[in-house]
Amino acid sequence: MMAVPASASPLQHDRFMTRSRRIASSLRDLRNAASQLPDAVVLLDQEQHVRWFNHAAEDLLGLRRPKDRGVLLQQRLATSDLSDWLRDGTAEPLNDVAAPGHPDSQINVSMLPFGRRQQLLLARDISHLNRLEQVRRDFVANVSHELRTPLTVIHGYLELIDPEDVPELAPVLGEMRAQSKRMGQIVEDLLALSRLETQHQIVDERVPMAPLLATVRKEAEALSQGRHQITLESTAEADLLGSPKDLHSALSNLVSNAVRYTPTGGSIVIRWQRTPDGAVYSVSDTGFGIPASHLARLTERFYRVSSSRSRDSGGTGLGLSIVKHVLNLHQAQLRVESTPGAGSTFACHFGHARVLVPGGRDEG
């Protein structure tokens with residue numbers, strides 16, 4: 001409470017006390033509300049000493065009243081993953097880490113500026129979201145696995161039927177074959193995506209890029225069937241460190257997308273180049289292009305800029321999701337540049353740690 005000026009009149013004194021009581025009541029209401037929040041809230045000074053925390057901070061971060069008031073938070077959480085994050089400056093949020101006060105729970109943590117040279121640490125329990133995500137992954141993987149066998153049987157029987165024996169059903173049989181093949185590809189992509197989502201690391205091998213690029217180009221030419229001009233420009237003279245199978249899947253997906261969404265007569269250029277930061281694999285096309293409003297969502301599962309065009313081209317809507325997960329496992333980034341009506345460029349940026357010089361030596 002603020003002190004009443006000595007020269008204040010009785011009326012001024014009453015007004016001052018009334019205002020002080022209102023401010024104190026508002027502060028109590030604010031503190032009580034913050035105390036009941038489900039997210040952990042910790043108020044810190046500029047040196048990260050604990051000034052105040054709510055009940056959720058006791059449960060998630062393991063803080064205790066009154067002994068932890070005034071302590072340095074980094075020292076108090078020295079045995080947790082939050083210690084390094086606090087020491088390194090907390091510039092970026094910390095995602096999906098074990099809660100210091102509840103090891104079975106996972107939290108997201110962020111730091112916000114507050115007041116005059118103070119900070120506010122926020123921690124949210126995301127354990128239930130992780131459990132829901134795991135249920136979704138298990139469901140997709142199990143359903144995809146169960147669908148694989150019946151689809152294989154159906155497609156096999158369709159292949160046994162010769163359209164020449166039943167010419168009146170030839171168009172129907174052709175459509176049934178195409179759709180069963182597409183369904184089979186969706187199942188295979190779902191299984192691949194489920195595997196990538198649960199995979200946190202890979203077994204690194206040297207991936208020779210020259211034969212891989214040649215294979216990707218041949219696959220593109222087979223899919224194109226002469227409808228496009230496909231060019232390979234490889235100037236990097238470098239290999240990659242990673243998973244051969246996964247990298248082939250990602251690089252091939254980008255080229256097959258370019259073939260599917262580029263009109264007949266268009267051109268596709270596959271490039272493998274060195275950059276100051278490492279190396280870049282890119283695929284440029286002269287296709288339909290993608291509006292800027294769609295770019296941020298391209299790697300979502302089943303997201304399509306044009307549903308009818310994707311179905312007509314035979315796409316599953318999962319290719320770019322697979323690319324994103326493969327690149328994440330290789331600490332690489334996907335960048336997209338596109339102009340509607342002029343084409344697109346999908347570029348995979350690999351850091352120095354993944355670049356190998358032919359001959360058995362790495363970039364370092």
# chains A, B, ... in the order shown; residues from 1 in each chain; ligands from 1

call {"tool": "residues_around", "arguments": {"residues": "region 257-267 of chain A", "least_positions_apart": "4", "cutoff": "10 Å", "atoms": "only C-alpha atoms", "output": "compact mmCIF listing (two decimals) with N, CA and C atoms, in the first residue's frame"}}
result
# COMPACT_ATOMS: atom_id res chain seq x y z
N ALA A 220 11.28 -40.38 -63.03
CA ALA A 220 10.49 -39.26 -63.52
C ALA A 220 10.16 -39.43 -65.00
N GLU A 221 11.13 -39.88 -65.79
CA GLU A 221 10.90 -40.08 -67.22
C GLU A 221 9.88 -41.20 -67.46
N LEU A 223 7.44 -42.00 -65.40
CA LEU A 223 6.13 -41.47 -65.02
C LEU A 223 5.62 -40.47 -66.06
N SER A 224 6.53 -39.69 -66.62
CA SER A 224 6.16 -38.67 -67.59
C SER A 224 5.74 -39.27 -68.93
N GLN A 225 6.38 -40.38 -69.33
CA GLN A 225 6.11 -41.05 -70.61
C GLN A 225 6.26 -40.08 -71.79
N GLY A 226 7.31 -39.27 -71.73
CA GLY A 226 7.62 -38.37 -72.83
C GLY A 226 6.83 -37.10 -72.89
N ARG A 227 6.00 -36.83 -71.90
CA ARG A 227 5.15 -35.64 -71.94
C ARG A 227 5.88 -34.37 -71.49
N HIS A 228 7.05 -34.53 -70.83
CA HIS A 228 7.77 -33.39 -70.30
C HIS A 228 9.25 -33.45 -70.68
N GLN A 229 9.88 -32.30 -70.65
CA GLN A 229 11.33 -32.25 -70.81
C GLN A 229 11.94 -32.26 -69.41
N ILE A 230 12.69 -33.30 -69.08
CA ILE A 230 13.26 -33.47 -67.74
C ILE A 230 14.78 -33.33 -67.83
N THR A 231 15.33 -32.39 -67.04
CA THR A 231 16.75 -32.08 -67.08
C THR A 231 17.36 -32.27 -65.70
N SER A 252 12.45 -38.50 -54.63
CA SER A 252 11.59 -39.02 -55.69
C SER A 252 10.19 -38.42 -55.61
N ASN A 253 9.69 -38.23 -54.38
CA ASN A 253 8.36 -37.64 -54.22
C ASN A 253 8.27 -36.25 -54.81
N VAL A 283 13.84 -29.11 -57.13
CA VAL A 283 13.06 -29.52 -58.30
C VAL A 283 12.22 -28.32 -58.74
N SER A 284 12.46 -27.84 -59.96
CA SER A 284 11.72 -26.70 -60.50
C SER A 284 10.85 -27.18 -61.66
N ASP A 285 9.65 -26.64 -61.75
CA ASP A 285 8.75 -27.03 -62.84
C ASP A 285 8.07 -25.80 -63.43
N THR A 286 7.41 -26.00 -64.53
CA THR A 286 6.64 -24.94 -65.18
C THR A 286 5.16 -25.26 -65.09
N GLY A 287 4.77 -25.79 -63.95
CA GLY A 287 3.39 -26.25 -63.75
C GLY A 287 2.42 -25.16 -63.40
N PHE A 288 1.34 -25.56 -62.71
CA PHE A 288 0.24 -24.65 -62.42
C PHE A 288 0.62 -23.58 -61.39
N GLY A 289 1.60 -23.87 -60.54
CA GLY A 289 1.94 -22.94 -59.48
C GLY A 289 1.00 -23.05 -58.30
N ARG A 309 -7.74 -31.88 -59.25
CA ARG A 309 -6.51 -32.03 -60.02
C ARG A 309 -5.63 -33.11 -59.41
N SER A 310 -5.60 -33.20 -58.07
CA SER A 310 -4.79 -34.21 -57.41
C SER A 310 -5.32 -35.61 -57.70
N ASP A 312 -7.07 -36.54 -60.31
CA ASP A 312 -6.84 -36.85 -61.71
C ASP A 312 -5.39 -37.25 -61.97
N SER A 313 -4.46 -36.68 -61.20
CA SER A 313 -3.04 -36.96 -61.41
C SER A 313 -2.58 -38.23 -60.72
N GLY A 314 -3.43 -38.77 -59.82
CA GLY A 314 -3.06 -39.99 -59.12
C GLY A 314 -2.31 -39.75 -57.83
N GLY A 315 -2.26 -38.51 -57.36
CA GLY A 315 -1.55 -38.22 -56.11
C GLY A 315 -2.32 -38.70 -54.90
N GLY A 317 -1.75 -37.22 -51.73
CA GLY A 317 -1.84 -36.15 -50.75
C GLY A 317 -0.93 -36.36 -49.55
N GLY A 319 2.63 -37.21 -50.09
CA GLY A 319 4.02 -37.12 -50.51
C GLY A 319 4.82 -36.06 -49.79
N LEU A 320 4.28 -34.85 -49.67
CA LEU A 320 5.02 -33.76 -49.04
C LEU A 320 5.13 -33.95 -47.52
N GLY A 343 4.82 -21.80 -62.26
CA GLY A 343 5.58 -22.96 -61.78
C GLY A 343 6.04 -22.83 -60.35
N SER A 344 6.74 -23.86 -59.87
CA SER A 344 7.18 -23.94 -58.48
C SER A 344 8.59 -24.49 -58.39
N THR A 345 9.24 -24.19 -57.26
CA THR A 345 10.53 -24.78 -56.93
C THR A 345 10.49 -25.29 -55.50
N PHE A 346 10.74 -26.58 -55.33
CA PHE A 346 10.82 -27.21 -54.02
C PHE A 346 12.29 -27.51 -53.75

call {"tool": "closest_residue", "arguments": {"among": "A:Arg148, A:Arg124, A:Lys324, A:Lys245", "to": "Val336 (chain A)", "atoms": "only C-alpha atoms"}}
result
A:Lys324

call {"tool": "residues_around", "arguments": {"residues": "Leu37 (chain A)", "least_positions_apart": "2", "cutoff": "12 Å", "atoms": "only C-alpha atoms", "output": "list of chain:residue names"}}
result
A:Leu30, A:Arg31, A:Asn32, A:Ala33, A:Ala34, A:Ser35, A:Asp39, A:Ala40, A:Val41, A:Val42, A:Phe53, A:Asn54, A:His55, A:Ala56, A:Ala57, A:Asp59, A:Leu122, A:Ala123, A:Arg124, A:Asp125

call {"tool": "select_by_dssp", "arguments": {"residues": "region 133-229 of chain A", "states": "strand (DSSP E)", "output": "list in words"}}
result
Glu205, Arg206, Val207 and Gln229 of chain A

call {"tool": "closest_residue", "arguments": {"among": "A:Arg69, A:His248, A:His49, A:Arg15", "to": "Tyr281 (chain A)", "atoms": "only C-alpha atoms"}}
result
A:His248

call {"tool": "atom_distance", "arguments": {"atom1": "CA of Leu334 (chain A)", "atom2": "CA of Ser282 (chain A)"}}
result
9.4 Å

call {"tool": "select_by_dssp", "arguments": {"residues": "region 102-310 of chain A", "states": "alpha helix (DSSP H)", "output": "ChimeraX atom specification"}}
result
/A:127-160,170-197,209-224,244-260,292-295,307-310
